[in-house]
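S.K.: One structure is given below, represented as structure tokens, and several questions about it will come after.
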Amino acid sequence: MFTGLVETIGILRQRAGSPVARAFIECSLGPLELGESISVNGACLTVDRIRPSGFECDMSSETLDRTTLGALAVGARVHLERAMKLGGRMGGHMVLGHVDGIGRVSERAPSGDATRLVVETDGGLAPYLADKGSVAIDGVSLTINRVTDQGQGRSSRVLFEVMLVPHTLGRTNLGDLRPGQAVNLEVDVLARYVARQLSIASGVRATPSSEEAPGWGGEVAENDEHHHHESRDERLLAKLRSGGFL
């Protein structure tokens, strides 16, 4: 488990092989242990070989397909964080290093000494993104200021806004992001489990990387949408009451 607080910046020096790629990341993380987990731009990877100037790790086909690491240019800078120690300070939020999807920077604008960043992603992640909730962008723990849903059904999209304060701009690569650039996204693990429990109670499936609409239940006719949501909410409340949660 990680906290989303970047320890240092590493450099991707090598990446070769398929379907599993071998990568060498140059860094100054200090004494490393064989087999330990390190978050690399938000993806949890295992140290397989320790070298004087960094470490080697394997990137599975799943990692290459579901994250930005497969398309990252050799020489690119990456965020690094070692797994937190039991009893350590939780400065950010609980980050597992399991990337849920890829987003793209939609907008960036200065806001005093800070930078406002807007990211767009698939609407399937919408149920797990909330105002004042947490999200990890390339492994960096951030607070969501605003969420905007766009469209319905399988083609839906969601935009969310975060603020990059001067400390974050100075300690991470996020200040270098430009519109159109891809980023790794991990939703809050607590949101995952809440959504899972609600989906079980309501009898519909909720999966962070699904292609379903933000409503979790697939597409509905526009003129029936209000009734659909109202009746679903009533069923959820009734089941939560019967289970002693309310």
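Chain labels follow the order of the structure tokens: the first chain is A, the next B, and so on; residue numbering restarts at 1 in every chain, and ligands are counted from 1 in their shown order.
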So that I can check the secondary structure, give me every residue of region 55-233 of chain A assigned alpha helix (DSSP H) by backbone DSSP, as a VMD selection string.
M.R.: chain A and resid 61 to 66 166 to 171 189 to 202 225 to 233
S.K.: Would you mind listing, for every residue of region 94-155 of chain A within 12 Å of region 44-68 of chain A, the two atoms forming the shortest contact and the distance between them in Å to one decimal, using only C-alpha atoms, sorted by chain and ascending residue number, as a Markdown table?
M.R.:
| residue | atom | partner | partner_atom | distance |
| --- | --- | --- | --- | --- |
| A:Val95 | CA | A:Cys44 | CA | 9.7 |
| A:Leu96 | CA | A:Cys44 | CA | 7.4 |
| A:Gly97 | CA | A:Cys44 | CA | 4.4 |
| A:His98 | CA | A:Cys44 | CA | 6.6 |
| A:Val99 | CA | A:Thr67 | CA | 6.6 |
| A:Asp100 | CA | A:Arg66 | CA | 7.8 |
| A:Gly101 | CA | A:Arg66 | CA | 6.6 |
| A:Ile102 | CA | A:Thr67 | CA | 6.4 |
| A:Gly103 | CA | A:Thr68 | CA | 9.6 |
| A:Arg104 | CA | A:Thr68 | CA | 10.7 |
| A:Ile137 | CA | A:Thr68 | CA | 11.4 |
| A:Asp138 | CA | A:Thr68 | CA | 9.0 |
| A:Gly139 | CA | A:Cys44 | CA | 9.4 |
S.K.: Could those selected residues go to a file with C-alpha atoms, as a CSV table (one decimal), in the first residue's frame?
M.R.:
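Just written: selection_7.csv:
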chain,number,residue,atom,x,y,z
A,95,VAL,CA,-3.2,4.0,-2.8
A,96,LEU,CA,-2.9,0.4,-4.0
A,97,GLY,CA,-0.9,0.9,-7.1
A,98,HIS,CA,-3.6,-0.7,-9.2
A,99,VAL,CA,-4.4,1.6,-12.1
A,100,ASP,CA,-8.1,1.8,-12.9
A,101,GLY,CA,-7.8,3.7,-16.2
A,102,ILE,CA,-6.0,6.2,-18.3
A,103,GLY,CA,-7.1,9.9,-18.4
A,104,ARG,CA,-6.1,12.8,-20.6
A,137,ILE,CA,-2.8,10.9,-10.8
A,138,ASP,CA,0.4,9.1,-11.9
A,139,GLY,CA,0.6,8.0,-8.3
S.K.: Quick one: pull the distance between CA of Glu186 (chain A) and CA of Arg77 (chain A), Å, one decimal.
M.R.: 19.4 Å
S.K.: Any idea what the distance is between CA of Val162 (chain A) and CA of Gly88 (chain A)?
M.R.: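 Those two atoms sit 26.0 Å apart.
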S.K.: Taking 2 positions as the minimum chain separation for residues in the same chain, which residues sit within 6 Å of Ser39 (chain A) when counting only C-alpha atoms? Answer as a ChimeraX atom specification.
M.R.: /A:42-44,80-81
S.K.: Provide the CA of Asn145 (chain A) to CA of Pro127 (chain A) distance in Å, to one decimal place.
M.R.: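 The value is 15.3 Å.
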